[in-house]
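Asks: The structure follows.
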Amino acid sequence: MHLVLVNGNVLTMDPSRPRASAVAVAGGRITALDEVPPGSEHVVDLRGATVLPGFHDAHNHMIGFGMSLAEVELSTPPVGRLDELYAAIARRAETTAPGEWVIGAGYDQNKLGGHPHRDALDRAAPGRRVWLRHTSGHMCVVNTPVLAALGIDAAATEIPGGRVAVDSGGRPTGLLEERAQLLVGSLVYPYPLAELTDAIARAAEVYLKEGVTSCTEAGIGGGWVAHSPAELAAYAAAREQGRLGVRVELMAAREVLHPLGAHPDDNLVAGLDLGITTGFGDDWLRLGAVKAFADGSLVGRTAAVHDPYQGSDSVGYLQADAGELTGAIIAAHRSGWQVATHAIGDLAIDLALDAYARALAEYPRRDPRHRIEHFAVVQPRQVARAAALGVIAVPQGRFATELGDGMLAAVGPGRHEWLYRQRSLLDAGMVLPGSSDRPVVAGAPLLGIADMVNRRTASGAPFNPGEAVSAAAAVRAWTWGSAYASRQEHVKGSIAPGLLADLVVLSEDPTAVSPDRIAGLEVLATIVGGQCRYDAGTLDGLS
Ligand SMILES: [Zn+2]
């Protein structure tokens, strides 16, 4: 389709030509700025609406989000108290056959006043299996039938890298942390691929309405984030069926890498079969980094920090043996992978930085763009070191609002200025991507952009406001920054002739309105590969 959008306020993210008033598209690519090429079939008058490169969520869980759309919503709001949570579970149980699963997601004990308890869940959903996932994704609560099926219903059980919570009498409460929650996965895993494909399609519909044209799935195929060892096939099927909607980059969980038996000179010590590695695929579906978990969650106070959490003597814990994890990171680097390490606490961040530094020293590689996902509790020296190593930090703006109060409480005032840095990363010369970690928090890019600027918690407290960035920097993060983190800035993330025609049309310019209005701006249209995939009416039914 030859399409030209005219009379727009086009923010290109291309420093050599930052603004334009018209964008021409043909063959899925941007062909020209500020002109209407001959032969243009559709010329759309935007009447001053703003055009940006399509948003790219650099860290999300698309299948997890799509599945959560079919689960009981336990976020606060709408669920503000534990009795409301139990009532919501009881309502779902009424339409669930005995023995089947009632699955809920998004609860936060900081807001509810405590974790749900197995006994109350047994009363709310008699005879059903109940599985409630914490908003952090790092813990869950299950009821007695699930504990019994796992053989851990009666007494304390040691789980390395995790915890089965017990009451003062030693009886499990239903709360399973970190590696202990993997046990529940063993009862439901693997999911049928058709179910996963449906989840992808459900998520894609939401993404397109919110202006997302690309996303990075932060781990498939193994570990606790996986839904099936053949998860990539669900994405391929969604694409085949025309239901993928957005461009997807898939991170491979580090658990699925293995020795390949290639020639020793090839350095392929950890890979996927056939030597498939970072970058394999095309503009719609490609393989990104390998994903490793160093630690857990900050609001859950399981992340590995150097100094104890506020009011406690706990310093969290690593998710793996430090030496084993370091070896895996170095092996992946050596084998040509981009590496993305989940590291929240400053101790876990040191582990990741040490591993990257060693990997680069032992096996030099040009521009590997290794990432640290979340990068949550960050000492000043760690910013400088990350910048020197060329590491890309991938923080989540929306965490400030939805999880900020719990985070401030977890680290205490002495470390507030270390939380979820943005400005100091840019000041150090690092590239800042935009991401949500959806379904951990709401994922609409305009919410994330607003929160990167406003930095306030749900209770209204300032959230390390010195690290706020301008709306222009936040928009750049969610477009060019995320493309850079995916090594795709030569293909997308800005609006210039030759790049993919991935565009979002907004009712107003987020860099020109007052910061408190950014979240309320309307997505008028979303164009992926030159095709209108969502249209609120502006493009007159071109979709
Ligand atoms: Zn994540």
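Chain lettering (A, B, ...) mirrors the order of the structure tokens, residue numbering begins at 1 for each chain separately, and ligand numbering begins at 1 in order of display.
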With only C-alpha atoms and all ligand atoms counted and 6 Å as the cut-off, give the residues of chain A in contact with ligand 1, each with its shortest interatomic distance in Å and the pair that gives it, as a Markdown table.

Replies:
| residue | atom | partner | partner_atom_place_in_ligand_line | distance |
| --- | --- | --- | --- | --- |
| A:Asn60 | CA | ligand 1 | 1 (Zn) | 5.9 |
| A:Ala218 | CA | ligand 1 | 1 (Zn) | 5.7 |
| A:Asp437 | CA | ligand 1 | 1 (Zn) | 4.7 |

Asks: Can you spit out the residues from that selection as a JSON list (two decimals), in the first residue's frame, using all heavy atoms?

Replies:
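Contents of the output file selection_7.json:
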[["chain", "number", "residue", "atom", "x", "y", "z"],
["A", 60, "ASN", "N", 9.17, -7.50, 27.96],
["A", 60, "ASN", "CA", 7.80, -7.86, 28.35],
["A", 60, "ASN", "C", 7.66, -9.36, 28.28],
["A", 60, "ASN", "O", 8.56, -10.06, 27.82],
["A", 60, "ASN", "CB", 6.77, -7.14, 27.47],
["A", 60, "ASN", "CG", 6.41, -7.92, 26.21],
["A", 60, "ASN", "OD1", 5.25, -8.16, 25.91],
["A", 60, "ASN", "ND2", 7.42, -8.35, 25.46],
["A", 218, "ALA", "N", 10.99, -11.56, 27.22],
["A", 218, "ALA", "CA", 12.18, -11.69, 28.07],
["A", 218, "ALA", "C", 12.36, -13.11, 28.60],
["A", 218, "ALA", "O", 12.46, -13.33, 29.81],
["A", 218, "ALA", "CB", 12.13, -10.68, 29.20],
["A", 437, "ASP", "N", 7.91, -4.80, 31.45],
["A", 437, "ASP", "CA", 7.87, -6.08, 32.17],
["A", 437, "ASP", "C", 6.43, -6.58, 32.31],
["A", 437, "ASP", "O", 6.14, -7.38, 33.19],
["A", 437, "ASP", "CB", 8.54, -6.00, 33.54],
["A", 437, "ASP", "CG", 9.07, -7.36, 34.00],
["A", 437, "ASP", "OD1", 9.10, -8.30, 33.19],
["A", 437, "ASP", "OD2", 9.44, -7.47, 35.18]]

Asks: From a DSSP pass on the backbone, collect the residues of segment 16-171 of chain A flagged as strand (DSSP E) and hand them back as a count of residues only.

Replies: 49

Asks: Nearest residue to Ala442 of chain A out of A:His61, A:His2, A:His370, A:Arg19, using only C-alpha atoms?

Replies: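 Among the listed residues, the smallest separation from Ala442 of chain A belongs to A:His61.
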
Asks: Please determine, counting only C-alpha atoms, which residue among A:Thr31, A:Thr50, A:Gln531, A:Gln319 has the shortest atom-to-atom distance to Val504 of chain A.

Replies: A:Thr50

Asks: Using only C-alpha atoms, which of the listed residues (A:Leu33, A:Met452, A:Ala400, A:Ala473) sits closest to Asn7 of chain A?

Replies: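 Under the stated criterion, the closest residue is A:Leu33.
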
Asks: Please identify all polymer residues within 8 Å of segment 227-236 of chain A, counting only C-alpha atoms, omitting same-chain residues fewer than 4 positions from it, and present them as a ChimeraX atom specification.

Replies: /A:189-194,196-197,200,220-222,240,244,250,285

Asks: Can I get the selection written as a compact mmCIF listing (two decimals), in the first residue's frame, with all heavy atoms?

Replies:
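Produced file out-v8.txt, reproduced below:
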# COMPACT_ATOMS: atom_id res chain seq x y z
N TYR A 189 2.88 -27.54 33.44
CA TYR A 189 3.85 -27.44 32.35
C TYR A 189 4.00 -28.78 31.65
O TYR A 189 4.00 -29.79 32.33
CB TYR A 189 5.17 -27.00 32.97
CG TYR A 189 6.31 -26.71 32.03
CD1 TYR A 189 6.52 -25.42 31.56
CD2 TYR A 189 7.18 -27.72 31.65
CE1 TYR A 189 7.59 -25.14 30.73
CE2 TYR A 189 8.24 -27.45 30.80
CZ TYR A 189 8.46 -26.16 30.35
OH TYR A 189 9.50 -25.89 29.53
N PRO A 190 4.17 -28.85 30.34
CA PRO A 190 4.09 -27.74 29.39
C PRO A 190 2.66 -27.46 28.97
O PRO A 190 1.82 -28.36 28.94
CB PRO A 190 4.89 -28.29 28.19
CG PRO A 190 4.61 -29.77 28.22
CD PRO A 190 4.49 -30.13 29.68
N TYR A 191 2.39 -26.21 28.65
CA TYR A 191 1.09 -25.84 28.11
C TYR A 191 1.00 -26.30 26.66
O TYR A 191 2.00 -26.34 25.95
CB TYR A 191 0.90 -24.33 28.15
CG TYR A 191 0.72 -23.77 29.54
CD1 TYR A 191 1.81 -23.35 30.29
CD2 TYR A 191 -0.55 -23.63 30.08
CE1 TYR A 191 1.63 -22.83 31.57
CE2 TYR A 191 -0.74 -23.11 31.34
CZ TYR A 191 0.37 -22.71 32.09
OH TYR A 191 0.19 -22.20 33.34
N PRO A 192 -0.22 -26.60 26.19
CA PRO A 192 -0.37 -26.89 24.76
C PRO A 192 -0.05 -25.63 23.94
O PRO A 192 -0.41 -24.53 24.34
CB PRO A 192 -1.85 -27.26 24.61
CG PRO A 192 -2.42 -27.29 25.98
CD PRO A 192 -1.47 -26.63 26.92
N LEU A 193 0.62 -25.82 22.81
CA LEU A 193 1.03 -24.66 22.00
C LEU A 193 -0.16 -23.84 21.53
O LEU A 193 -0.08 -22.62 21.44
CB LEU A 193 1.87 -25.13 20.81
CG LEU A 193 3.28 -25.63 21.17
CD1 LEU A 193 3.98 -26.18 19.94
CD2 LEU A 193 4.11 -24.53 21.82
N ALA A 194 -1.29 -24.50 21.25
CA ALA A 194 -2.45 -23.75 20.76
C ALA A 194 -2.92 -22.74 21.80
O ALA A 194 -3.34 -21.62 21.46
CB ALA A 194 -3.59 -24.71 20.42
N LEU A 196 -0.99 -21.25 23.93
CA LEU A 196 0.00 -20.16 23.93
C LEU A 196 -0.20 -19.24 22.73
O LEU A 196 -0.07 -18.02 22.83
CB LEU A 196 1.42 -20.73 23.95
CG LEU A 196 1.73 -21.69 25.11
CD1 LEU A 196 3.19 -22.11 25.07
CD2 LEU A 196 1.41 -21.05 26.45
N THR A 197 -0.52 -19.84 21.59
CA THR A 197 -0.77 -19.04 20.39
C THR A 197 -1.97 -18.12 20.62
O THR A 197 -1.95 -16.94 20.24
CB THR A 197 -1.00 -19.95 19.18
OG1 THR A 197 0.14 -20.79 19.02
CG2 THR A 197 -1.20 -19.15 17.90
N ILE A 200 -0.85 -15.22 22.72
CA ILE A 200 -0.08 -14.24 21.93
C ILE A 200 -1.05 -13.34 21.17
O ILE A 200 -0.89 -12.11 21.14
CB ILE A 200 0.86 -14.99 20.95
CG1 ILE A 200 1.99 -15.68 21.74
CG2 ILE A 200 1.44 -14.03 19.91
CD1 ILE A 200 2.75 -16.73 20.94
N ILE A 220 12.11 -17.39 26.87
CA ILE A 220 11.21 -18.49 26.52
C ILE A 220 11.97 -19.81 26.59
O ILE A 220 13.19 -19.85 26.55
CB ILE A 220 10.62 -18.35 25.10
CG1 ILE A 220 11.72 -18.35 24.04
CG2 ILE A 220 9.76 -17.11 24.99
CD1 ILE A 220 11.21 -18.59 22.63
N GLY A 221 11.19 -20.89 26.69
CA GLY A 221 11.73 -22.22 26.47
C GLY A 221 12.30 -22.92 27.68
O GLY A 221 12.49 -24.13 27.65
N GLY A 222 12.62 -22.20 28.75
CA GLY A 222 13.21 -22.84 29.92
C GLY A 222 13.14 -21.94 31.13
O GLY A 222 12.80 -20.76 31.02
N GLU A 240 2.06 -17.40 11.34
CA GLU A 240 1.49 -18.15 10.21
C GLU A 240 -0.01 -17.88 10.07
O GLU A 240 -0.54 -17.77 8.98
CB GLU A 240 1.75 -19.64 10.46
CG GLU A 240 1.25 -20.59 9.41
CD GLU A 240 2.14 -20.60 8.17
OE1 GLU A 240 3.30 -20.17 8.29
OE2 GLU A 240 1.64 -21.00 7.11
N LEU A 244 0.06 -12.59 14.90
CA LEU A 244 1.19 -12.12 15.70
C LEU A 244 1.06 -10.62 15.98
O LEU A 244 1.40 -10.15 17.06
CB LEU A 244 2.51 -12.44 15.00
CG LEU A 244 3.80 -12.15 15.76
CD1 LEU A 244 3.87 -12.96 17.05
CD2 LEU A 244 5.02 -12.46 14.88
N LEU A 250 12.58 -12.68 20.55
CA LEU A 250 12.48 -13.69 21.61
C LEU A 250 13.83 -13.88 22.28
O LEU A 250 14.83 -14.17 21.62
CB LEU A 250 12.05 -15.03 21.00
CG LEU A 250 10.71 -15.03 20.27
CD1 LEU A 250 10.54 -16.32 19.48
CD2 LEU A 250 9.56 -14.85 21.26
N LEU A 285 9.98 -11.88 13.43
CA LEU A 285 10.23 -12.83 14.51
C LEU A 285 11.70 -13.16 14.50
O LEU A 285 12.21 -13.73 13.54
CB LEU A 285 9.39 -14.09 14.27
CG LEU A 285 9.20 -15.07 15.43
CD1 LEU A 285 8.62 -14.37 16.64
CD2 LEU A 285 8.29 -16.21 14.98

Asks: Given the choices A:Arg365, A:Ala303, A:Val411, A:Ala428, which gets closest to Ala384 of chain A if the distance is worked out from only C-alpha atoms?

Replies: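 Residue with the minimum atom-to-atom distance to Ala384 of chain A: A:Ala428.
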
Asks: To one decimal in Å, tell me the separation between atom CA of Cys215 of chain A and atom CA of Thr302 of chain A.

Replies: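 Computing the Euclidean distance for atom CA of Cys215 of chain A and atom CA of Thr302 of chain A yields 27.1 Å.
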
Asks: With only C-alpha atoms as the atoms that count, which of A:Leu132, A:Ala24, A:Val184, A:Ile372 lies nearest to Leu147 of chain A?

Replies: A:Val184

Asks: Can you pull out every residue within 10 Å of Pro380 of chain A, counting only C-alpha atoms, but drop anything in the same chain fewer than 6 positions away, and send it as a list in words?

Replies: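 Contacts, in chain order: Glu417, Trp418, Arg421, Ser424 and Leu425 of chain A.
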
Asks: I want to know what sits within 12 Å of Ala203 of chain A, based on only C-alpha atoms, with residues of the same chain fewer than 4 positions away left out; could you give that as JSON, numbers by chain?

Replies: {"A": [60, 61, 62, 63, 64, 65, 66, 67, 68, 69, 70, 196, 197, 198, 199, 207, 208, 209, 210, 212, 215, 217, 235, 238, 243, 244, 245, 246, 248, 438, 439, 443, 444]}

Asks: May I ask which of the residues A:Arg334, A:Glu41, A:Ser314, A:Val475 is the closest one to Asp265 of chain A, counting only C-alpha atoms?

Replies: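 Result for the nearest residue to Asp265 of chain A: A:Arg334.
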
Asks: Give me, as number ranges by chain, all polymer residues having an atom no more than 10 Å from His333 of chain A, counting only C-alpha atoms and skipping those fewer than 4 positions away in the same chain.

Replies: A: 267-270, 289-290, 327-329, 337-339, 355-356, 359-360, 363-365, 368, 370

Asks: For Ser75 of chain A, find every residue with an atom within 12 Å (counting only C-alpha atoms), except residues of its own chain fewer than 4 positions away, and show them as a list in words.

Replies: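 Once the nearby chain positions are removed, what remains is Ser68, Glu71, Val79, Gly80, Arg81, Leu82, Glu84, Leu85, Ala88, Gly104, Ala105, Gly106, Tyr107, Asp108, Gln109, Asn110, Lys111, Leu112, Leu132, Arg133, His134, Thr135, Ser136, Glu402, Leu403, Pro439, Val440, Val441 and Ala442 of chain A.
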
Asks: Could you write out the selected residues, including N, CA and C atoms, as an mmCIF file, in the first residue's frame?

Replies:
data_model
loop_
_atom_site.group_PDB
_atom_site.id
_atom_site.type_symbol
_atom_site.label_atom_id
_atom_site.label_comp_id
_atom_site.auth_asym_id
_atom_site.auth_seq_id
_atom_site.Cartn_x
_atom_site.Cartn_y
_atom_site.Cartn_z
ATOM 1 N N SER A 68 -2.645 -13.918 31.215
ATOM 2 C CA SER A 68 -3.218 -13.214 32.371
ATOM 3 C C SER A 68 -4.561 -12.577 32.017
ATOM 4 N N GLU A 71 -7.155 -14.701 33.252
ATOM 5 C CA GLU A 71 -7.092 -15.077 34.668
ATOM 6 C C GLU A 71 -7.813 -14.056 35.550
ATOM 7 N N VAL A 79 -8.684 -4.900 43.344
ATOM 8 C CA VAL A 79 -8.763 -5.686 44.580
ATOM 9 C C VAL A 79 -7.920 -4.987 45.642
ATOM 10 N N GLY A 80 -8.577 -4.402 46.633
ATOM 11 C CA GLY A 80 -7.861 -3.581 47.602
ATOM 12 C C GLY A 80 -7.590 -4.257 48.924
ATOM 13 N N ARG A 81 -8.355 -5.312 49.243
ATOM 14 C CA ARG A 81 -8.182 -5.975 50.540
ATOM 15 C C ARG A 81 -8.206 -7.489 50.336
ATOM 16 N N LEU A 82 -7.704 -8.195 51.354
ATOM 17 C CA LEU A 82 -7.677 -9.655 51.234
ATOM 18 C C LEU A 82 -9.078 -10.245 51.104
ATOM 19 N N GLU A 84 -11.585 -8.978 49.667
ATOM 20 C CA GLU A 84 -12.018 -8.782 48.278
ATOM 21 C C GLU A 84 -11.333 -9.787 47.350
ATOM 22 N N LEU A 85 -10.093 -10.095 47.662
ATOM 23 C CA LEU A 85 -9.384 -11.111 46.869
ATOM 24 C C LEU A 85 -10.083 -12.462 47.003
ATOM 25 N N ALA A 88 -13.227 -12.547 45.009
ATOM 26 C CA ALA A 88 -12.994 -12.685 43.564
ATOM 27 C C ALA A 88 -12.678 -14.138 43.208
ATOM 28 N N GLY A 104 -5.176 -16.766 39.430
ATOM 29 C CA GLY A 104 -5.245 -15.312 39.553
ATOM 30 C C GLY A 104 -3.854 -14.733 39.482
ATOM 31 N N ALA A 105 -3.769 -13.451 39.146
ATOM 32 C CA ALA A 105 -2.445 -12.839 39.002
ATOM 33 C C ALA A 105 -2.495 -11.374 39.394
ATOM 34 N N GLY A 106 -1.361 -10.896 39.880
ATOM 35 C CA GLY A 106 -1.200 -9.455 40.082
ATOM 36 C C GLY A 106 -1.357 -8.987 41.514
ATOM 37 N N TYR A 107 -1.458 -9.908 42.486
ATOM 38 C CA TYR A 107 -1.643 -9.417 43.852
ATOM 39 C C TYR A 107 -0.322 -8.890 44.416
ATOM 40 N N ASP A 108 -0.420 -7.955 45.350
ATOM 41 C CA ASP A 108 0.756 -7.351 45.992
ATOM 42 C C ASP A 108 0.471 -7.266 47.486
ATOM 43 N N GLN A 109 1.206 -8.050 48.280
ATOM 44 C CA GLN A 109 0.937 -8.095 49.723
ATOM 45 C C GLN A 109 1.176 -6.754 50.398
ATOM 46 N N ASN A 110 1.996 -5.889 49.772
ATOM 47 C CA ASN A 110 2.211 -4.553 50.346
ATOM 48 C C ASN A 110 0.916 -3.749 50.343
ATOM 49 N N LYS A 111 0.056 -4.025 49.381
ATOM 50 C CA LYS A 111 -1.192 -3.263 49.266
ATOM 51 C C LYS A 111 -2.348 -3.968 49.957
ATOM 52 N N LEU A 112 -2.285 -5.286 50.051
ATOM 53 C CA LEU A 112 -3.396 -6.046 50.649
ATOM 54 C C LEU A 112 -3.235 -6.209 52.150
ATOM 55 N N LEU A 132 -2.277 -18.339 42.775
ATOM 56 C CA LEU A 132 -2.294 -16.876 42.672
ATOM 57 C C LEU A 132 -0.868 -16.367 42.534
ATOM 58 N N ARG A 133 -0.610 -15.735 41.429
ATOM 59 C CA ARG A 133 0.747 -15.244 41.187
ATOM 60 C C ARG A 133 0.908 -13.816 41.688
ATOM 61 N N HIS A 134 2.033 -13.583 42.366
ATOM 62 C CA HIS A 134 2.380 -12.259 42.871
ATOM 63 C C HIS A 134 2.659 -11.318 41.708
ATOM 64 N N THR A 135 2.428 -10.032 41.921
ATOM 65 C CA THR A 135 2.644 -9.055 40.848
ATOM 66 C C THR A 135 4.087 -9.043 40.356
ATOM 67 N N SER A 136 5.028 -9.394 41.211
ATOM 68 C CA SER A 136 6.442 -9.390 40.819
ATOM 69 C C SER A 136 6.786 -10.550 39.901
ATOM 70 N N GLU A 402 3.483 1.630 40.289
ATOM 71 C CA GLU A 402 2.755 0.461 40.796
ATOM 72 C C GLU A 402 3.499 -0.274 41.903
ATOM 73 N N LEU A 403 4.828 -0.207 41.901
ATOM 74 C CA LEU A 403 5.604 -0.950 42.893
ATOM 75 C C LEU A 403 6.466 -0.033 43.758
ATOM 76 N N PRO A 439 3.367 -8.862 32.222
ATOM 77 C CA PRO A 439 2.227 -8.397 33.009
ATOM 78 C C PRO A 439 2.550 -8.004 34.454
ATOM 79 N N VAL A 440 3.824 -7.782 34.785
ATOM 80 C CA VAL A 440 4.146 -7.392 36.161
ATOM 81 C C VAL A 440 3.422 -6.088 36.521
ATOM 82 N N VAL A 441 3.451 -5.122 35.605
ATOM 83 C CA VAL A 441 2.672 -3.890 35.776
ATOM 84 C C VAL A 441 1.966 -3.595 34.460
ATOM 85 N N ALA A 442 1.096 -2.574 34.463
ATOM 86 C CA ALA A 442 0.410 -2.171 33.239
ATOM 87 C C ALA A 442 1.454 -1.807 32.192
#

Asks: What does the distance between atom CA of Ile103 of chain A and atom CA of Ile159 of chain A come to in Å, to one decimal place?

Replies: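 A separation of 23.0 Å between them.
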